[in-house]
Each structure stands twice: as structure tokens, then as C-alpha cells.
$ cat work.pdb   # PDB, C-alpha atoms
ATOM      1  CA  GLN A 273     -11.303  -2.840 -15.205  1.00  0.00           C
ATOM      2  CA  VAL A 274     -11.284  -5.873 -12.948  1.00  0.00           C
ATOM      3  CA  GLN A 275     -10.130  -9.078 -14.574  1.00  0.00           C
ATOM      4  CA  LEU A 276     -10.351 -12.665 -13.421  1.00  0.00           C
ATOM      5  CA  VAL A 277      -8.480 -14.969 -15.780  1.00  0.00           C
ATOM      6  CA  GLU A 278      -8.856 -18.716 -15.354  1.00  0.00           C
ATOM      7  CA  SER A 279      -6.431 -21.297 -16.680  1.00  0.00           C
ATOM      8  CA  GLY A 280      -5.637 -24.960 -16.239  1.00  0.00           C
ATOM      9  CA  GLY A 281      -8.724 -26.558 -17.676  1.00  0.00           C
ATOM     10  CA  GLY A 282      -8.552 -29.392 -20.139  1.00  0.00           C
ATOM     11  CA  ALA A 283      -9.412 -32.992 -20.842  1.00  0.00           C
ATOM     12  CA  VAL A 284      -8.456 -35.792 -18.487  1.00  0.00           C
ATOM     13  CA  GLN A 285      -9.445 -39.383 -17.838  1.00  0.00           C
ATOM     14  CA  ALA A 286     -11.445 -40.397 -14.807  1.00  0.00           C
ATOM     15  CA  GLY A 287      -9.226 -40.633 -11.761  1.00  0.00           C
ATOM     16  CA  GLY A 288      -6.906 -37.952 -13.033  1.00  0.00           C
ATOM     17  CA  SER A 289      -6.102 -34.520 -11.668  1.00  0.00           C
ATOM     18  CA  LEU A 290      -6.187 -30.930 -12.819  1.00  0.00           C
ATOM     19  CA  ARG A 291      -5.242 -27.668 -11.158  1.00  0.00           C
ATOM     20  CA  LEU A 292      -7.202 -24.566 -12.044  1.00  0.00           C
ATOM     21  CA  SER A 293      -5.817 -21.101 -11.466  1.00  0.00           C
ATOM     22  CA  CYS A 294      -7.562 -17.745 -11.405  1.00  0.00           C
ATOM     23  CA  ALA A 295      -5.419 -14.645 -11.557  1.00  0.00           C
ATOM     24  CA  ALA A 296      -7.065 -11.433 -10.431  1.00  0.00           C
ATOM     25  CA  SER A 297      -6.067  -7.939 -11.394  1.00  0.00           C
ATOM     26  CA  ARG A 298      -7.212  -4.444 -10.455  1.00  0.00           C
ATOM     27  CA  ILE A 299      -8.732  -5.511  -7.140  1.00  0.00           C
ATOM     28  CA  ILE A 300      -7.404  -5.555  -3.588  1.00  0.00           C
ATOM     29  CA  PHE A 301      -7.320  -9.324  -3.728  1.00  0.00           C
ATOM     30  CA  ARG A 302      -6.817  -9.965  -0.015  1.00  0.00           C
ATOM     31  CA  ILE A 303     -10.197  -8.450   0.906  1.00  0.00           C
ATOM     32  CA  TYR A 304     -12.125 -10.591  -1.561  1.00  0.00           C
ATOM     33  CA  ALA A 305     -13.746 -13.914  -0.906  1.00  0.00           C
ATOM     34  CA  MET A 306     -13.060 -16.192  -3.852  1.00  0.00           C
ATOM     35  CA  GLY A 307     -15.024 -19.080  -5.232  1.00  0.00           C
ATOM     36  CA  TRP A 308     -15.106 -21.650  -7.961  1.00  0.00           C
ATOM     37  CA  TYR A 309     -18.418 -22.453  -9.596  1.00  0.00           C
ATOM     38  CA  ARG A 310     -19.229 -24.847 -12.393  1.00  0.00           C
ATOM     39  CA  GLN A 311     -21.952 -25.235 -14.956  1.00  0.00           C
ATOM     40  CA  ALA A 312     -22.620 -28.342 -16.982  1.00  0.00           C
ATOM     41  CA  PRO A 313     -24.814 -28.281 -20.106  1.00  0.00           C
ATOM     42  CA  GLY A 314     -28.485 -28.019 -19.191  1.00  0.00           C
ATOM     43  CA  LYS A 315     -27.730 -27.504 -15.506  1.00  0.00           C
ATOM     44  CA  GLN A 316     -27.629 -24.522 -13.201  1.00  0.00           C
ATOM     45  CA  ARG A 317     -24.360 -22.995 -12.133  1.00  0.00           C
ATOM     46  CA  GLU A 318     -23.337 -24.424  -8.770  1.00  0.00           C
ATOM     47  CA  LEU A 319     -20.803 -23.534  -6.126  1.00  0.00           C
ATOM     48  CA  VAL A 320     -17.895 -25.970  -6.004  1.00  0.00           C
ATOM     49  CA  ALA A 321     -15.576 -24.405  -3.441  1.00  0.00           C
ATOM     50  CA  HIS A 322     -15.229 -21.126  -1.581  1.00  0.00           C
ATOM     51  CA  ILE A 323     -12.472 -19.444   0.382  1.00  0.00           C
ATOM     52  CA  THR A 324     -12.944 -16.341   2.482  1.00  0.00           C
ATOM     53  CA  SER A 325     -10.514 -13.467   2.805  1.00  0.00           C
ATOM     54  CA  GLY A 326      -9.447 -15.133   6.039  1.00  0.00           C
ATOM     55  CA  ALA A 327      -8.820 -18.432   4.204  1.00  0.00           C
ATOM     56  CA  THR A 328     -11.784 -20.324   5.626  1.00  0.00           C
ATOM     57  CA  THR A 329     -12.904 -22.876   3.080  1.00  0.00           C
ATOM     58  CA  ASN A 330     -16.057 -24.777   2.275  1.00  0.00           C
ATOM     59  CA  TYR A 331     -16.940 -27.274  -0.423  1.00  0.00           C
ATOM     60  CA  ALA A 332     -19.879 -28.784  -2.189  1.00  0.00           C
ATOM     61  CA  ASP A 333     -20.589 -32.247  -0.814  1.00  0.00           C
ATOM     62  CA  SER A 334     -19.906 -33.755  -4.221  1.00  0.00           C
ATOM     63  CA  VAL A 335     -16.251 -32.641  -4.198  1.00  0.00           C
ATOM     64  CA  LYS A 336     -15.320 -32.894  -0.517  1.00  0.00           C
ATOM     65  CA  GLY A 337     -12.152 -34.887  -0.051  1.00  0.00           C
ATOM     66  CA  ARG A 338     -11.243 -34.608  -3.735  1.00  0.00           C
ATOM     67  CA  PHE A 339     -10.930 -30.863  -4.404  1.00  0.00           C
ATOM     68  CA  THR A 340      -8.887 -28.271  -2.532  1.00  0.00           C
ATOM     69  CA  ILE A 341      -9.221 -24.515  -2.863  1.00  0.00           C
ATOM     70  CA  SER A 342      -6.365 -22.245  -1.848  1.00  0.00           C
ATOM     71  CA  ARG A 343      -5.253 -18.674  -2.367  1.00  0.00           C
ATOM     72  CA  ASP A 344      -2.002 -16.771  -2.709  1.00  0.00           C
ATOM     73  CA  ASN A 345      -2.491 -13.137  -1.704  1.00  0.00           C
ATOM     74  CA  VAL A 346       0.950 -12.220  -3.046  1.00  0.00           C
ATOM     75  CA  LYS A 347       0.252 -13.582  -6.517  1.00  0.00           C
ATOM     76  CA  ASN A 348      -3.414 -12.481  -6.408  1.00  0.00           C
ATOM     77  CA  THR A 349      -4.370 -15.970  -7.459  1.00  0.00           C
ATOM     78  CA  VAL A 350      -6.843 -18.589  -6.300  1.00  0.00           C
ATOM     79  CA  TYR A 351      -6.371 -22.255  -7.104  1.00  0.00           C
ATOM     80  CA  LEU A 352      -8.556 -25.321  -7.311  1.00  0.00           C
ATOM     81  CA  GLN A 353      -6.721 -28.618  -7.076  1.00  0.00           C
ATOM     82  CA  MET A 354      -8.989 -31.337  -8.422  1.00  0.00           C
ATOM     83  CA  ASN A 355      -8.081 -34.970  -7.762  1.00  0.00           C
ATOM     84  CA  SER A 356      -9.879 -38.239  -8.430  1.00  0.00           C
ATOM     85  CA  LEU A 357     -11.882 -36.574 -11.158  1.00  0.00           C
ATOM     86  CA  LYS A 358     -15.128 -38.138 -12.282  1.00  0.00           C
ATOM     87  CA  PRO A 359     -17.071 -37.740 -15.526  1.00  0.00           C
ATOM     88  CA  GLU A 360     -19.745 -35.851 -13.585  1.00  0.00           C
ATOM     89  CA  ASP A 361     -17.139 -33.181 -12.795  1.00  0.00           C
ATOM     90  CA  SER A 362     -17.168 -32.176 -16.461  1.00  0.00           C
ATOM     91  CA  ALA A 363     -18.325 -28.575 -16.775  1.00  0.00           C
ATOM     92  CA  VAL A 364     -17.210 -25.038 -17.413  1.00  0.00           C
ATOM     93  CA  TYR A 365     -15.546 -23.812 -14.242  1.00  0.00           C
ATOM     94  CA  TYR A 366     -15.856 -20.143 -13.320  1.00  0.00           C
ATOM     95  CA  CYS A 367     -13.872 -18.059 -10.896  1.00  0.00           C
ATOM     96  CA  HIS A 368     -15.833 -15.642  -8.727  1.00  0.00           C
ATOM     97  CA  ALA A 369     -14.764 -12.793  -6.485  1.00  0.00           C
ATOM     98  CA  ARG A 370     -16.876 -10.932  -3.935  1.00  0.00           C
ATOM     99  CA  GLN A 371     -15.584  -8.085  -1.848  1.00  0.00           C
ATOM    100  CA  THR A 372     -16.050  -8.906   1.816  1.00  0.00           C
ATOM    101  CA  GLY A 373     -18.943  -6.955   3.297  1.00  0.00           C
ATOM    102  CA  SER A 374     -20.137  -5.504   0.012  1.00  0.00           C
ATOM    103  CA  SER A 375     -22.085  -6.425  -3.099  1.00  0.00           C
ATOM    104  CA  TYR A 376     -19.170  -5.941  -5.488  1.00  0.00           C
ATOM    105  CA  GLU A 377     -18.607  -9.172  -7.359  1.00  0.00           C
ATOM    106  CA  TYR A 378     -16.873 -10.325 -10.503  1.00  0.00           C
ATOM    107  CA  TRP A 379     -16.774 -13.406 -12.705  1.00  0.00           C
ATOM    108  CA  GLY A 380     -14.113 -14.933 -14.886  1.00  0.00           C
ATOM    109  CA  GLN A 381     -14.759 -16.099 -18.418  1.00  0.00           C
ATOM    110  CA  GLY A 382     -14.696 -19.804 -17.541  1.00  0.00           C
ATOM    111  CA  THR A 383     -12.485 -22.740 -18.359  1.00  0.00           C
ATOM    112  CA  GLN A 384     -13.663 -26.097 -19.666  1.00  0.00           C
ATOM    113  CA  VAL A 385     -12.981 -29.293 -17.749  1.00  0.00           C
ATOM    114  CA  THR A 386     -13.810 -32.560 -19.477  1.00  0.00           C
ATOM    115  CA  VAL A 387     -13.437 -35.902 -17.713  1.00  0.00           C
ATOM    116  CA  SER A 388     -13.784 -39.041 -19.790  1.00  0.00           C
ATOM    117  CA  SER A 389     -14.620 -42.469 -18.432  1.00  0.00           C
TER
END
$ encode --input "work.pdb" --output "C-alpha cells"
Amino acid sequence: QVQLVESGGGAVQAGGSLRLSCAASRIIFRIYAMGWYRQAPGKQRELVAHITSGATTNYADSVKGRFTISRDNVKNTVYLQMNSLKPEDSAVYYCHARQTGSSYEYWGQGTQVTVSS
């Protein structure tokens, strides 16, 4: 059974930083595009950052210049470095994996990020 396990969430003050990690197991990680999504209470889940199997990245406009997504194909892990955090970044952050060229996709269980002003 495929598992995506997020870690690194927590509470931080505005302007602070957090680094999220998502460790994948039971998939051929290098052929998966990976993404981080977030969902705040009462809002739809939205894409935050995405990295292809070839390490091409893209970001939501709201996080450009503050967040960085990266991947380690040896450790089967994707990271989200979040700097200059704002209260509006508060949400549950989910890891997502989609096999390149197919419809196979998986979600992690989510990790809470809370940014106080």
C-alpha cells in the first residue's frame, strides 16, 4: 500500500519559517510528479507548489518567492521550505503524488500549519 507521510507542520509566528517533508513508500518515486496542496477552513483545497519528475517547479502566485519545493529521489522525499510565513498561510498542507503519464495518484494525511500574527 502506497504511503505518503507528511511531517514538519506546527505553529509559528508571522515572518517565521517551516520545512515540510513528505516521505513516500511503495512507489517508484522518481517517476511521480509531487505537489503540496493546502486547505484552510471553509475554503477549497488549492495547489501551493508542484515539482515534476524532471524537477520542473511551479508555484501559486501567493507563495512565489517565499516557498521552495524540492525533491530527493534517493530518500523518496519531497520538501516544502516555507519562509516569510503569513497568517493567511495557515491551513492543513497535503502531499500529493501523481504518476507521470497516468491517472494514478495518492494523497498524504495532511499536516497542520498555523501562523499567528
$ closest_residue --input "work.pdb" --among "A:Val346, A:Thr386, A:Gln273, A:Ala286" --to "A:Ser362" --atoms "only C-alpha atoms"
A:Thr386
$ atom_distance --input "work.pdb" --atom1 "atom CA of A:Arg310" --atom2 "atom CA of A:Lys336"
14.9 Å
$ residues_around --input "work.pdb" --residues "A:Leu357" --least-positions-apart "4" --cutoff "10 Å" --atoms "all atoms listed in the file" --output "list of chain:residue names"
A:Val284, A:Gln285, A:Ala286, A:Gly287, A:Gly288, A:Ser289, A:Leu290, A:Val335, A:Arg338, A:Phe339, A:Asp361, A:Ser362, A:Val385, A:Thr386, A:Val387, A:Ser388, A:Ser389
$ atom_distance --input "work.pdb" --atom1 "atom CA of A:Gln311" --atom2 "atom CA of A:Thr349"
21.2 Å
$ residues_around --input "work.pdb" --residues "stretch 368-380 of chain A" --least-positions-apart "3" --cutoff "6 Å" --atoms "all atoms listed in the file" --output "PDB file with C-alpha atoms, keeping the file's coordinate frame"
ATOM      1  CA  LEU A 276     -10.351 -12.665 -13.421  1.00  0.00           C
ATOM      2  CA  VAL A 277      -8.480 -14.969 -15.780  1.00  0.00           C
ATOM      3  CA  ILE A 303     -10.197  -8.450   0.906  1.00  0.00           C
ATOM      4  CA  TYR A 304     -12.125 -10.591  -1.561  1.00  0.00           C
ATOM      5  CA  ALA A 305     -13.746 -13.914  -0.906  1.00  0.00           C
ATOM      6  CA  MET A 306     -13.060 -16.192  -3.852  1.00  0.00           C
ATOM      7  CA  GLY A 307     -15.024 -19.080  -5.232  1.00  0.00           C
TER       8      GLY A 307
END
$ resolve_selection --input "work.pdb" --expression "the PyMOL selection byres ((chain A and resi 291) around 9)" --output "VMD selection string"
chain A and resid 279 to 281 289 to 290 292 to 293 351 to 355
$ atom_distance --input "work.pdb" --atom1 "atom CA of A:Gln275" --atom2 "atom CA of A:Ile300"
11.9 Å
$ resolve_selection --input "work.pdb" --expression "the PyMOL selection byres ((chain A and resi 318) around 12)" --output "PyMOL selection string"
chain A and resi 307-312+315-317+319-322+331-335+361+363-368
$ write_last_selection --input "work.pdb" --atoms "C-alpha atoms" --output "PDB file, keeping the file's coordinate frame"
ATOM      1  CA  GLY A 307     -15.024 -19.080  -5.232  1.00  0.00           C
ATOM      2  CA  TRP A 308     -15.106 -21.650  -7.961  1.00  0.00           C
ATOM      3  CA  TYR A 309     -18.418 -22.453  -9.596  1.00  0.00           C
ATOM      4  CA  ARG A 310     -19.229 -24.847 -12.393  1.00  0.00           C
ATOM      5  CA  GLN A 311     -21.952 -25.235 -14.956  1.00  0.00           C
ATOM      6  CA  ALA A 312     -22.620 -28.342 -16.982  1.00  0.00           C
ATOM      7  CA  LYS A 315     -27.730 -27.504 -15.506  1.00  0.00           C
ATOM      8  CA  GLN A 316     -27.629 -24.522 -13.201  1.00  0.00           C
ATOM      9  CA  ARG A 317     -24.360 -22.995 -12.133  1.00  0.00           C
ATOM     10  CA  LEU A 319     -20.803 -23.534  -6.126  1.00  0.00           C
ATOM     11  CA  VAL A 320     -17.895 -25.970  -6.004  1.00  0.00           C
ATOM     12  CA  ALA A 321     -15.576 -24.405  -3.441  1.00  0.00           C
ATOM     13  CA  HIS A 322     -15.229 -21.126  -1.581  1.00  0.00           C
ATOM     14  CA  TYR A 331     -16.940 -27.274  -0.423  1.00  0.00           C
ATOM     15  CA  ALA A 332     -19.879 -28.784  -2.189  1.00  0.00           C
ATOM     16  CA  ASP A 333     -20.589 -32.247  -0.814  1.00  0.00           C
ATOM     17  CA  SER A 334     -19.906 -33.755  -4.221  1.00  0.00           C
ATOM     18  CA  VAL A 335     -16.251 -32.641  -4.198  1.00  0.00           C
ATOM     19  CA  ASP A 361     -17.139 -33.181 -12.795  1.00  0.00           C
ATOM     20  CA  ALA A 363     -18.325 -28.575 -16.775  1.00  0.00           C
ATOM     21  CA  VAL A 364     -17.210 -25.038 -17.413  1.00  0.00           C
ATOM     22  CA  TYR A 365     -15.546 -23.812 -14.242  1.00  0.00           C
ATOM     23  CA  TYR A 366     -15.856 -20.143 -13.320  1.00  0.00           C
ATOM     24  CA  CYS A 367     -13.872 -18.059 -10.896  1.00  0.00           C
ATOM     25  CA  HIS A 368     -15.833 -15.642  -8.727  1.00  0.00           C
TER      26      HIS A 368
END
$ closest_residue --input "work.pdb" --among "A:Val274, A:Val350, A:Ile299, A:Ala283" --to "A:Ile323" --atoms "only C-alpha atoms"
A:Val350
$ closest_residue --input "work.pdb" --among "A:Asn345, A:Thr383, A:Ser297, A:Ser325" --to "A:Gly282" --atoms "only C-alpha atoms"
A:Thr383
$ closest_residue --input "work.pdb" --among "A:Ser342, A:Thr329, A:Thr324, A:Pro359" --to "A:Arg302" --atoms "all atoms listed in the file"
A:Thr324
$ decode --input "work.pdb" --residues "stretch 318-358 of chain A" --atoms "C-alpha atoms" --output "PDB file, in the first residue's frame"
ATOM      1  CA  GLU A 318      -5.561  24.671  -3.532  1.00  0.00           C
ATOM      2  CA  LEU A 319      -2.260  23.857  -5.160  1.00  0.00           C
ATOM      3  CA  VAL A 320       0.679  25.513  -3.420  1.00  0.00           C
ATOM      4  CA  ALA A 321       3.674  24.092  -5.266  1.00  0.00           C
ATOM      5  CA  HIS A 322       4.405  21.347  -7.767  1.00  0.00           C
ATOM      6  CA  ILE A 323       7.523  19.575  -8.959  1.00  0.00           C
ATOM      7  CA  THR A 324       7.641  17.240 -11.925  1.00  0.00           C
ATOM      8  CA  SER A 325       9.629  14.037 -12.173  1.00  0.00           C
ATOM      9  CA  GLY A 326      12.159  16.114 -14.084  1.00  0.00           C
ATOM     10  CA  ALA A 327      12.316  18.660 -11.230  1.00  0.00           C
ATOM     11  CA  THR A 328      10.483  21.464 -13.010  1.00  0.00           C
ATOM     12  CA  THR A 329       8.683  23.543 -10.424  1.00  0.00           C
ATOM     13  CA  ASN A 330       5.730  25.882 -10.327  1.00  0.00           C
ATOM     14  CA  TYR A 331       4.071  27.820  -7.536  1.00  0.00           C
ATOM     15  CA  ALA A 332       0.854  29.517  -6.637  1.00  0.00           C
ATOM     16  CA  ASP A 333       1.203  33.272  -7.043  1.00  0.00           C
ATOM     17  CA  SER A 334       0.531  33.748  -3.345  1.00  0.00           C
ATOM     18  CA  VAL A 335       3.690  31.854  -2.329  1.00  0.00           C
ATOM     19  CA  LYS A 336       6.129  32.731  -5.116  1.00  0.00           C
ATOM     20  CA  GLY A 337       9.397  33.989  -3.716  1.00  0.00           C
ATOM     21  CA  ARG A 338       8.605  32.659  -0.240  1.00  0.00           C
ATOM     22  CA  PHE A 339       8.170  28.893  -0.688  1.00  0.00           C
ATOM     23  CA  THR A 340      10.505  26.406  -2.349  1.00  0.00           C
ATOM     24  CA  ILE A 341       9.633  22.859  -3.339  1.00  0.00           C
ATOM     25  CA  SER A 342      12.366  20.289  -3.846  1.00  0.00           C
ATOM     26  CA  ARG A 343      12.732  16.537  -4.069  1.00  0.00           C
ATOM     27  CA  ASP A 344      15.283  13.907  -3.129  1.00  0.00           C
ATOM     28  CA  ASN A 345      14.857  10.820  -5.308  1.00  0.00           C
ATOM     29  CA  VAL A 346      17.263   8.845  -3.119  1.00  0.00           C
ATOM     30  CA  LYS A 347      15.309   9.488   0.069  1.00  0.00           C
ATOM     31  CA  ASN A 348      11.943   9.322  -1.748  1.00  0.00           C
ATOM     32  CA  THR A 349      11.036  12.596  -0.119  1.00  0.00           C
ATOM     33  CA  VAL A 350       9.615  15.912  -1.260  1.00  0.00           C
ATOM     34  CA  TYR A 351      10.116  19.079   0.747  1.00  0.00           C
ATOM     35  CA  LEU A 352       8.419  22.433   1.045  1.00  0.00           C
ATOM     36  CA  GLN A 353      10.544  25.178   2.546  1.00  0.00           C
ATOM     37  CA  MET A 354       8.246  27.959   3.701  1.00  0.00           C
ATOM     38  CA  ASN A 355       9.760  31.334   4.583  1.00  0.00           C
ATOM     39  CA  SER A 356       8.238  34.684   5.492  1.00  0.00           C
ATOM     40  CA  LEU A 357       5.084  32.942   6.608  1.00  0.00           C
ATOM     41  CA  LYS A 358       1.872  34.911   6.846  1.00  0.00           C
TER      42      LYS A 358
END
